[in-house]
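S.K.: One structure coming up, written as structure tokens, with questions to follow.
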Amino acid sequence: MDAFDSRRADELATLLALHEQGSFAAAGRQLQRHPTVLSRRLGALEQRLGIRLVERTTRQLRFTDEGERLVTRVREANRLIAEAEQEAAEGAAAVRGRLRLALPAAMGRRWLSGMLADFVLAYPQVTVEAEYADRFVDLVGEGFDAAIRIGELADNRLVATRLCDHLRILCASPQYLARAGDPEFPAQLSQHNCLGFSGLRSFPEWRLTRGNEGVSVKISGSLRANDNEALLEAARRGVGILAGGDWLMVEDIAAGRLVRVLPQWQLDVAAGIYLVRPTARLNTAAMGAFKEWLQARFKDGAPWR
């Protein structure tokens with residue numbers, strides 16, 4: 001049976017409607033078909049595939065694991081078809097449409113929000129929906145077109161464009177260092193009040209590198225948090241030593257509120273800042289324009305340096 005056979009399309013439309021509406025009656029109203037018609041369609045789909053997709057009871061429907069996976073893949077296919085139609089309708093040169101972006105919260109607010117505003121001004125026919133969060137969103141499952149990610153990438157379902165390296169450094173306020181002393185070696189960090197970012201993959205260890213030399217230090221302190229900006233404020237007030245991206249601390253260093261600690265050392269040297277997007281997603285004109293826009297802003301390196 002051809003993938004675009006009308007019977008197959010009806011069966012898959014029934015599957016999606018049942019998943020969205022939760023009952024044959026509600027799905028029938030959505031598709032303007034009698035519930036018994038939908039029941040036959042679902043039965044035909046299950047028979048053709050040789051698997052149970054939905055467990056039926058008198059009160060509710062429960063999708064099996066195989067049913068949930070099929071729904072996810074069919075939704076991906078629907079998005080691809082919609083994007084192909086949009087691209088054909090708009091023409092390759094027309095930069096218009098919608099972009100749904102996932103951006104890191106603190107860095108996004110501090111450095112990317114201005115770039116995004118300028119992009120929207122430059123391309124008024126593009127509508128951007130941006131979500132600022134410090135979680136790793138599922139680009140495929142949650143329907144995002146692209147994301148900015150910090151760190152090391154492991155998801156092979158993504159196409160990544162490296163924008164710049166991610167320099168993670170140690171800083172503290174002059175008041176703290178005057179009180180507690182300035183460490184000369186990484187091992188001495190274990191004797192200091194270190195501000196712990198619980199979102200760090202290696203937490204509570206700091207893995208420092210200087211050239212070919214590497215060392216891990218288990219840190220402890222009176223404050224830990226999952227928010228970089230909260231820890232930055234604590235460092236400004238002299239609470240302890242903070243490890244974070246230079247993008248977070250560069251303005252405070254320039255103003256003298258913070259100074260580098262162990263300046264010859266850095267953390268996570270392999271990390272970078274990336275624009276990532278799903279491998280299966282079409283490269284629309286809007287996405288291509290956004291990628292070129294970002295690359296132009298990072299062409300001379302990180303803009304905060």
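If you're wondering about the labels, chains in the structure tokens are A, B, ... by order shown, residues count from 1 in each chain, ligands from 1 in order shown.
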List every residue of range 160-180 of chain A that has an atom at most 9 Å from any atom of range 263-283 of chain A, and for each one report the closest atom pair and its distance in Å to one decimal, counting only C-alpha atoms, with rows sorted by chain and then by increasing residue number, as a Markdown table.

M.R.:
```
| residue | atom | partner | partner_atom | distance |
| --- | --- | --- | --- | --- |
| A:Ala160 | CA | A:Val276 | CA | 4.4 |
| A:Thr161 | CA | A:Leu275 | CA | 5.1 |
| A:Arg162 | CA | A:Tyr274 | CA | 4.5 |
| A:Leu163 | CA | A:Tyr274 | CA | 5.4 |
| A:Cys164 | CA | A:Ile273 | CA | 5.5 |
| A:Asp165 | CA | A:Gly272 | CA | 4.2 |
| A:His166 | CA | A:Gly272 | CA | 4.5 |
| A:Leu167 | CA | A:Val269 | CA | 7.0 |
| A:Arg168 | CA | A:Leu267 | CA | 5.2 |
| A:Ile169 | CA | A:Gln266 | CA | 5.1 |
| A:Leu170 | CA | A:Gln266 | CA | 7.3 |
| A:Cys171 | CA | A:Pro263 | CA | 8.7 |
```

S.K.: Within range 131-173 of chain A, find each residue whose DSSP state, derived from the backbone, is alpha helix (DSSP H), and express the selection as a PyMOL selection string.

M.R.: chain A and resi 139-142

S.K.: Could you save the residues just selected, with N, CA, C and O atoms, as an mmCIF file, in the first residue's frame?

M.R.:
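The result, written out as result_37.cif:
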```cif
data_model
loop_
_atom_site.group_PDB
_atom_site.id
_atom_site.type_symbol
_atom_site.label_atom_id
_atom_site.label_comp_id
_atom_site.auth_asym_id
_atom_site.auth_seq_id
_atom_site.Cartn_x
_atom_site.Cartn_y
_atom_site.Cartn_z
ATOM 1 N N LEU A 139 14.033 18.709 21.202
ATOM 2 C CA LEU A 139 13.691 19.484 20.013
ATOM 3 C C LEU A 139 12.698 18.754 19.122
ATOM 4 O O LEU A 139 11.738 19.352 18.614
ATOM 5 N N VAL A 140 12.908 17.454 18.945
ATOM 6 C CA VAL A 140 12.034 16.680 18.068
ATOM 7 C C VAL A 140 10.667 16.497 18.706
ATOM 8 O O VAL A 140 9.636 16.810 18.106
ATOM 9 N N GLY A 141 10.643 16.019 19.941
ATOM 10 C CA GLY A 141 9.375 15.715 20.597
ATOM 11 C C GLY A 141 8.544 16.936 20.916
ATOM 12 O O GLY A 141 7.307 16.874 20.920
ATOM 13 N N GLU A 142 9.201 18.097 21.203
ATOM 14 C CA GLU A 142 8.472 19.292 21.600
ATOM 15 C C GLU A 142 8.282 20.288 20.460
ATOM 16 O O GLU A 142 7.726 21.361 20.656
#
```

S.K.: Identify which of the residues A:Met115, A:Ile241, A:Ala130, A:Met249 lies closest to Leu101 in chain A, counting only C-alpha atoms when measuring atom-to-atom distances.

M.R.: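 Comparing A:Met115, A:Ile241, A:Ala130, A:Met249 against Leu101 in chain A, the winner is A:Ala130.
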
S.K.: Give me, as a ChimeraX atom specification, all polymer residues having an atom no more than 12 Å from range 68-81 of chain A, counting only C-alpha atoms and skipping those fewer than 6 positions away in the same chain.

M.R.: /A:3-4,8-9,11-20,45-46,49,51-55,62,87-88,139-145,278-284

S.K.: Quick one: write out the picked residues with N, CA, C and O atoms as a short mmCIF file (atom, residue, chain, number, x, y, z; two decimals), in the first residue's frame?

M.R.:
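So the final result, stored in out24.cif, reads:
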```cif
data_model
loop_
_atom_site.label_atom_id
_atom_site.label_comp_id
_atom_site.auth_asym_id
_atom_site.auth_seq_id
_atom_site.Cartn_x
_atom_site.Cartn_y
_atom_site.Cartn_z
N ALA A 3 2.28 5.01 0.67
CA ALA A 3 2.24 5.82 1.89
C ALA A 3 1.16 6.88 1.84
O ALA A 3 0.66 7.32 2.87
N PHE A 4 0.79 7.33 0.62
CA PHE A 4 -0.22 8.38 0.49
C PHE A 4 -1.58 7.83 0.09
O PHE A 4 -2.46 8.58 -0.33
N ARG A 8 -4.81 4.64 4.20
CA ARG A 8 -3.74 4.74 5.21
C ARG A 8 -3.77 6.11 5.88
O ARG A 8 -3.60 6.23 7.09
N ALA A 9 -3.99 7.15 5.11
CA ALA A 9 -4.07 8.50 5.69
C ALA A 9 -5.24 8.60 6.67
O ALA A 9 -5.11 9.22 7.74
N GLU A 11 -6.51 6.18 8.45
CA GLU A 11 -6.17 5.42 9.65
C GLU A 11 -5.25 6.22 10.57
O GLU A 11 -5.46 6.27 11.79
N LEU A 12 -4.25 6.86 9.99
CA LEU A 12 -3.31 7.64 10.80
C LEU A 12 -3.98 8.89 11.37
O LEU A 12 -3.70 9.29 12.51
N ALA A 13 -4.88 9.51 10.61
CA ALA A 13 -5.62 10.66 11.13
C ALA A 13 -6.48 10.24 12.32
O ALA A 13 -6.63 10.97 13.31
N THR A 14 -7.06 9.05 12.23
CA THR A 14 -7.85 8.52 13.35
C THR A 14 -6.98 8.32 14.58
O THR A 14 -7.35 8.68 15.70
N LEU A 15 -5.78 7.74 14.38
CA LEU A 15 -4.87 7.51 15.50
C LEU A 15 -4.52 8.81 16.21
O LEU A 15 -4.57 8.91 17.44
N LEU A 16 -4.20 9.86 15.44
CA LEU A 16 -3.84 11.14 16.04
C LEU A 16 -5.02 11.77 16.76
O LEU A 16 -4.88 12.35 17.85
N ALA A 17 -6.20 11.69 16.18
CA ALA A 17 -7.39 12.27 16.80
C ALA A 17 -7.72 11.56 18.11
O ALA A 17 -8.10 12.20 19.10
N LEU A 18 -7.58 10.25 18.15
CA LEU A 18 -7.85 9.50 19.38
C LEU A 18 -6.85 9.89 20.47
O LEU A 18 -7.21 10.05 21.64
N HIS A 19 -5.58 10.07 20.09
CA HIS A 19 -4.55 10.45 21.06
C HIS A 19 -4.83 11.84 21.61
O HIS A 19 -4.66 12.11 22.80
N GLU A 20 -5.27 12.74 20.75
CA GLU A 20 -5.52 14.11 21.17
C GLU A 20 -6.81 14.25 21.97
O GLU A 20 -6.87 14.96 22.97
N LEU A 45 -5.80 -0.60 11.07
CA LEU A 45 -4.41 -0.20 11.23
C LEU A 45 -3.66 -1.21 12.09
O LEU A 45 -2.53 -1.62 11.76
N GLU A 46 -4.27 -1.61 13.21
CA GLU A 46 -3.62 -2.58 14.09
C GLU A 46 -3.43 -3.92 13.39
O GLU A 46 -2.40 -4.57 13.54
N LEU A 49 -0.53 -3.63 10.87
CA LEU A 49 0.79 -3.56 11.50
C LEU A 49 1.10 -4.79 12.35
O LEU A 49 2.25 -5.04 12.69
N ILE A 51 0.19 -5.23 15.52
CA ILE A 51 0.46 -4.86 16.91
C ILE A 51 -0.77 -4.18 17.50
O ILE A 51 -1.63 -3.68 16.79
N ARG A 52 -0.82 -4.19 18.83
CA ARG A 52 -1.87 -3.48 19.55
C ARG A 52 -1.40 -2.06 19.82
O ARG A 52 -0.35 -1.84 20.42
N LEU A 53 -2.16 -1.08 19.36
CA LEU A 53 -1.80 0.32 19.54
C LEU A 53 -2.55 0.98 20.68
O LEU A 53 -2.01 1.86 21.35
N VAL A 54 -3.80 0.56 20.90
CA VAL A 54 -4.65 1.20 21.91
C VAL A 54 -5.38 0.12 22.68
O VAL A 54 -5.99 -0.79 22.09
N GLU A 55 -5.31 0.20 24.01
CA GLU A 55 -6.11 -0.67 24.87
C GLU A 55 -7.44 0.03 25.13
O GLU A 55 -7.47 1.17 25.58
N ARG A 62 -6.22 3.71 26.42
CA ARG A 62 -4.83 3.79 26.87
C ARG A 62 -3.93 3.33 25.76
O ARG A 62 -4.05 2.21 25.27
N GLU A 87 7.38 25.80 2.43
CA GLU A 87 8.54 26.20 1.63
C GLU A 87 8.17 26.35 0.17
O GLU A 87 8.61 27.29 -0.50
N ALA A 88 7.35 25.42 -0.35
CA ALA A 88 6.93 25.51 -1.74
C ALA A 88 6.09 26.75 -1.99
O ALA A 88 6.20 27.41 -3.02
N LEU A 139 14.03 18.71 21.20
CA LEU A 139 13.69 19.48 20.01
C LEU A 139 12.70 18.75 19.12
O LEU A 139 11.74 19.35 18.61
N VAL A 140 12.91 17.45 18.94
CA VAL A 140 12.03 16.68 18.07
C VAL A 140 10.67 16.50 18.71
O VAL A 140 9.64 16.81 18.11
N GLY A 141 10.64 16.02 19.94
CA GLY A 141 9.37 15.72 20.60
C GLY A 141 8.54 16.94 20.92
O GLY A 141 7.31 16.87 20.92
N GLU A 142 9.20 18.10 21.20
CA GLU A 142 8.47 19.29 21.60
C GLU A 142 8.28 20.29 20.46
O GLU A 142 7.73 21.36 20.66
N GLY A 143 8.74 19.93 19.27
CA GLY A 143 8.44 20.74 18.11
C GLY A 143 9.24 22.02 17.97
O GLY A 143 8.75 22.99 17.37
N PHE A 144 10.47 22.05 18.49
CA PHE A 144 11.32 23.24 18.32
C PHE A 144 12.06 23.16 16.99
O PHE A 144 12.45 22.08 16.54
N ASP A 145 12.25 24.32 16.38
CA ASP A 145 13.02 24.38 15.13
C ASP A 145 14.52 24.38 15.40
O ASP A 145 15.29 23.87 14.60
N PRO A 278 17.01 19.72 14.59
CA PRO A 278 16.80 18.30 14.28
C PRO A 278 17.28 17.96 12.87
O PRO A 278 17.14 18.75 11.94
N THR A 279 17.84 16.76 12.73
CA THR A 279 18.32 16.33 11.42
C THR A 279 17.19 16.20 10.41
O THR A 279 17.39 16.38 9.21
N ALA A 280 15.98 15.87 10.90
CA ALA A 280 14.87 15.62 9.98
C ALA A 280 14.16 16.89 9.54
O ALA A 280 13.29 16.84 8.66
N ARG A 281 14.49 18.04 10.12
CA ARG A 281 13.76 19.27 9.83
C ARG A 281 14.27 19.92 8.55
O ARG A 281 15.47 20.01 8.31
N LEU A 282 13.35 20.38 7.70
CA LEU A 282 13.73 21.07 6.48
C LEU A 282 14.41 22.41 6.81
O LEU A 282 14.05 23.08 7.76
N ASN A 283 15.36 22.79 5.96
CA ASN A 283 16.04 24.07 6.16
C ASN A 283 15.25 25.16 5.45
O ASN A 283 15.50 25.48 4.29
N THR A 284 14.27 25.74 6.13
CA THR A 284 13.46 26.79 5.55
C THR A 284 14.28 28.06 5.37
O THR A 284 15.35 28.22 5.95
#
```

S.K.: Can you list every residue of range 108-143 of chain A that has an atom at most 12 Å from range 215-238 of chain A, with its nearest atom pair and the distance in Å to one decimal, using only C-alpha atoms, ordered by chain then number, as a Markdown table?

M.R.:
```
| residue | atom | partner | partner_atom | distance |
| --- | --- | --- | --- | --- |
| A:Gly108 | CA | A:Glu229 | CA | 12.0 |
| A:Arg109 | CA | A:Glu229 | CA | 10.7 |
| A:Arg110 | CA | A:Glu229 | CA | 10.1 |
| A:Ala133 | CA | A:Asp227 | CA | 10.4 |
| A:Asp134 | CA | A:Asp227 | CA | 8.3 |
| A:Arg135 | CA | A:Asn226 | CA | 10.4 |
```

S.K.: Could you please determine the separation between CA of Tyr123 in chain A and CA of Ala286 in chain A in Å, to one decimal place?

M.R.: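 Taking CA of Tyr123 in chain A and CA of Ala286 in chain A, their separation equals 8.6 Å.
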
S.K.: So which residues touch Leu200 in chain A within 10 Å, counting only C-alpha atoms, skipping near sequence neighbours fewer than 2 positions away, as a tab-separated table (two decimals) with N, CA and C atoms, in the first residue's frame?

M.R.:
```tsv
chain	number	residue	atom	x	y	z
A	151	GLY	N	27.88	23.49	26.14
A	151	GLY	CA	28.46	22.27	26.69
A	151	GLY	C	28.96	21.35	25.60
A	196	GLY	N	28.22	26.30	44.45
A	196	GLY	CA	27.96	25.14	43.62
A	196	GLY	C	26.79	25.31	42.68
A	197	PHE	N	27.04	25.19	41.37
A	197	PHE	CA	25.97	25.18	40.37
A	197	PHE	C	25.54	23.73	40.18
A	198	SER	N	24.36	23.39	40.68
A	198	SER	CA	23.91	21.99	40.66
A	198	SER	C	23.58	21.49	39.26
A	202	SER	N	29.23	17.49	36.21
A	202	SER	CA	30.19	16.86	37.12
A	202	SER	C	29.99	17.27	38.57
A	203	PHE	N	28.99	18.09	38.88
A	203	PHE	CA	28.77	18.56	40.25
A	203	PHE	C	28.73	17.38	41.22
A	204	PRO	N	29.41	17.44	42.40
A	204	PRO	CA	30.10	18.60	42.98
A	204	PRO	C	31.61	18.63	42.70
A	205	GLU	N	32.04	18.11	41.56
A	205	GLU	CA	33.45	18.17	41.20
A	205	GLU	C	33.69	19.30	40.19
A	206	TRP	N	34.81	19.98	40.33
A	206	TRP	CA	35.27	20.92	39.33
A	206	TRP	C	36.47	20.28	38.64
A	226	ASN	N	20.58	26.07	41.26
A	226	ASN	CA	20.49	25.67	39.86
A	226	ASN	C	20.38	26.88	38.94
A	243	ALA	N	32.40	29.30	39.80
A	243	ALA	CA	32.85	28.77	38.51
A	243	ALA	C	31.71	28.97	37.51
A	244	GLY	N	32.01	29.61	36.40
A	244	GLY	CA	30.96	29.85	35.41
A	244	GLY	C	31.53	30.33	34.11
```

S.K.: Tell me, which residues of range 82-283 of chain A carry DSSP strand (DSSP E or B), written as a ChimeraX atom specification?

M.R.: /A:97-103,126-132,146-151,158-165,168-172,194-197,205-210,213-218,224-225,241-245,259-261,266-267,272-278

S.K.: So, with only C-alpha atoms as the atoms that count, which of A:Ala44, A:Met287, A:Leu258, A:Met107 lies closest to Gln175 in chain A?

M.R.: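 Once distances to Gln175 in chain A are computed over only C-alpha atoms, the minimum belongs to A:Leu258.
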
S.K.: Might you pull out every residue within 12 Å of Arg96 in chain A, with only C-alpha atoms counted and same-chain residues fewer than 5 positions away left off, and present them as a list of chain:residue names?

M.R.: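 Residues meeting the cut-off are A:Gln86, A:Glu87, A:Ala89, A:Glu90, A:Gly91, A:Val120, A:Ala122, A:Tyr123, A:Pro124, A:Gln125, A:Val126, A:Thr127, A:Val128, A:Thr284, A:Ala285, A:Ala286, A:Met287, A:Gly288, A:Ala289, A:Phe290.
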
S.K.: Produce a file of the selected residues containing N, CA, C and O atoms, as a PDB file, in the first residue's frame.

M.R.:
```pdb
ATOM      1  N   GLN A  86       4.889  24.735   3.118  1.00  0.00           N
ATOM      2  CA  GLN A  86       5.183  26.141   3.394  1.00  0.00           C
ATOM      3  C   GLN A  86       6.338  26.624   2.538  1.00  0.00           C
ATOM      4  O   GLN A  86       6.283  27.714   1.960  1.00  0.00           O
ATOM      5  N   GLU A  87       7.385  25.800   2.426  1.00  0.00           N
ATOM      6  CA  GLU A  87       8.542  26.196   1.634  1.00  0.00           C
ATOM      7  C   GLU A  87       8.175  26.347   0.168  1.00  0.00           C
ATOM      8  O   GLU A  87       8.609  27.289  -0.504  1.00  0.00           O
ATOM      9  N   ALA A  89       5.226  27.061  -1.029  1.00  0.00           N
ATOM     10  CA  ALA A  89       4.319  28.205  -1.200  1.00  0.00           C
ATOM     11  C   ALA A  89       5.057  29.533  -1.114  1.00  0.00           C
ATOM     12  O   ALA A  89       4.750  30.485  -1.829  1.00  0.00           O
ATOM     13  N   GLU A  90       6.036  29.607  -0.258  1.00  0.00           N
ATOM     14  CA  GLU A  90       6.720  30.877  -0.025  1.00  0.00           C
ATOM     15  C   GLU A  90       7.818  31.147  -1.040  1.00  0.00           C
ATOM     16  O   GLU A  90       8.122  32.305  -1.341  1.00  0.00           O
ATOM     17  N   GLY A  91       8.417  30.087  -1.578  1.00  0.00           N
ATOM     18  CA  GLY A  91       9.548  30.292  -2.471  1.00  0.00           C
ATOM     19  C   GLY A  91      10.832  30.338  -1.672  1.00  0.00           C
ATOM     20  O   GLY A  91      10.862  30.812  -0.539  1.00  0.00           O
ATOM     21  N   VAL A 120      14.476  40.054  14.408  1.00  0.00           N
ATOM     22  CA  VAL A 120      13.058  40.280  14.108  1.00  0.00           C
ATOM     23  C   VAL A 120      12.862  41.618  13.391  1.00  0.00           C
ATOM     24  O   VAL A 120      12.035  41.735  12.487  1.00  0.00           O
ATOM     25  N   ALA A 122      15.075  43.001  11.438  1.00  0.00           N
ATOM     26  CA  ALA A 122      15.618  42.843  10.089  1.00  0.00           C
ATOM     27  C   ALA A 122      14.727  41.982   9.200  1.00  0.00           C
ATOM     28  O   ALA A 122      14.707  42.162   7.974  1.00  0.00           O
ATOM     29  N   TYR A 123      13.965  41.056   9.799  1.00  0.00           N
ATOM     30  CA  TYR A 123      13.088  40.153   9.036  1.00  0.00           C
ATOM     31  C   TYR A 123      11.672  40.228   9.607  1.00  0.00           C
ATOM     32  O   TYR A 123      11.232  39.334  10.335  1.00  0.00           O
ATOM     33  N   PRO A 124      10.947  41.291   9.291  1.00  0.00           N
ATOM     34  CA  PRO A 124       9.629  41.518   9.915  1.00  0.00           C
ATOM     35  C   PRO A 124       8.572  40.484   9.550  1.00  0.00           C
ATOM     36  O   PRO A 124       7.539  40.412  10.216  1.00  0.00           O
ATOM     37  N   GLN A 125       8.815  39.677   8.503  1.00  0.00           N
ATOM     38  CA  GLN A 125       7.830  38.669   8.125  1.00  0.00           C
ATOM     39  C   GLN A 125       8.086  37.321   8.807  1.00  0.00           C
ATOM     40  O   GLN A 125       7.389  36.356   8.539  1.00  0.00           O
ATOM     41  N   VAL A 126       9.086  37.290   9.685  1.00  0.00           N
ATOM     42  CA  VAL A 126       9.357  36.079  10.469  1.00  0.00           C
ATOM     43  C   VAL A 126       8.815  36.277  11.875  1.00  0.00           C
ATOM     44  O   VAL A 126       9.090  37.290  12.523  1.00  0.00           O
ATOM     45  N   THR A 127       8.035  35.321  12.352  1.00  0.00           N
ATOM     46  CA  THR A 127       7.530  35.327  13.715  1.00  0.00           C
ATOM     47  C   THR A 127       8.365  34.360  14.550  1.00  0.00           C
ATOM     48  O   THR A 127       8.490  33.188  14.202  1.00  0.00           O
ATOM     49  N   VAL A 128       8.949  34.866  15.633  1.00  0.00           N
ATOM     50  CA  VAL A 128       9.819  34.049  16.487  1.00  0.00           C
ATOM     51  C   VAL A 128       9.116  33.787  17.818  1.00  0.00           C
ATOM     52  O   VAL A 128       8.615  34.704  18.459  1.00  0.00           O
ATOM     53  N   THR A 284      14.274  25.735   6.134  1.00  0.00           N
ATOM     54  CA  THR A 284      13.458  26.788   5.547  1.00  0.00           C
ATOM     55  C   THR A 284      14.280  28.059   5.375  1.00  0.00           C
ATOM     56  O   THR A 284      15.351  28.215   5.949  1.00  0.00           O
ATOM     57  N   ALA A 285      13.736  28.989   4.577  1.00  0.00           N
ATOM     58  CA  ALA A 285      14.429  30.256   4.368  1.00  0.00           C
ATOM     59  C   ALA A 285      14.594  31.008   5.687  1.00  0.00           C
ATOM     60  O   ALA A 285      15.625  31.638   5.929  1.00  0.00           O
ATOM     61  N   ALA A 286      13.588  30.961   6.547  1.00  0.00           N
ATOM     62  CA  ALA A 286      13.665  31.646   7.835  1.00  0.00           C
ATOM     63  C   ALA A 286      14.765  31.050   8.699  1.00  0.00           C
ATOM     64  O   ALA A 286      15.526  31.773   9.351  1.00  0.00           O
ATOM     65  N   MET A 287      14.861  29.703   8.714  1.00  0.00           N
ATOM     66  CA  MET A 287      15.897  29.062   9.511  1.00  0.00           C
ATOM     67  C   MET A 287      17.279  29.380   8.958  1.00  0.00           C
ATOM     68  O   MET A 287      18.235  29.638   9.707  1.00  0.00           O
ATOM     69  N   GLY A 288      17.411  29.369   7.631  1.00  0.00           N
ATOM     70  CA  GLY A 288      18.685  29.704   7.025  1.00  0.00           C
ATOM     71  C   GLY A 288      19.115  31.128   7.334  1.00  0.00           C
ATOM     72  O   GLY A 288      20.290  31.391   7.613  1.00  0.00           O
ATOM     73  N   ALA A 289      18.147  32.062   7.320  1.00  0.00           N
ATOM     74  CA  ALA A 289      18.465  33.457   7.632  1.00  0.00           C
ATOM     75  C   ALA A 289      18.897  33.612   9.082  1.00  0.00           C
ATOM     76  O   ALA A 289      19.837  34.355   9.393  1.00  0.00           O
ATOM     77  N   PHE A 290      18.233  32.884   9.994  1.00  0.00           N
ATOM     78  CA  PHE A 290      18.585  32.976  11.409  1.00  0.00           C
ATOM     79  C   PHE A 290      19.978  32.405  11.656  1.00  0.00           C
ATOM     80  O   PHE A 290      20.770  32.982  12.416  1.00  0.00           O
TER      81      PHE A 290
END
```

S.K.: Just checking: using only C-alpha atoms, which residue out of A:Val261, A:Val95, A:Leu177, A:Leu189 ends up closest to Val239 in chain A?

M.R.: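 When distances to Val239 in chain A are compared using only C-alpha atoms, the smallest one comes from A:Leu177.
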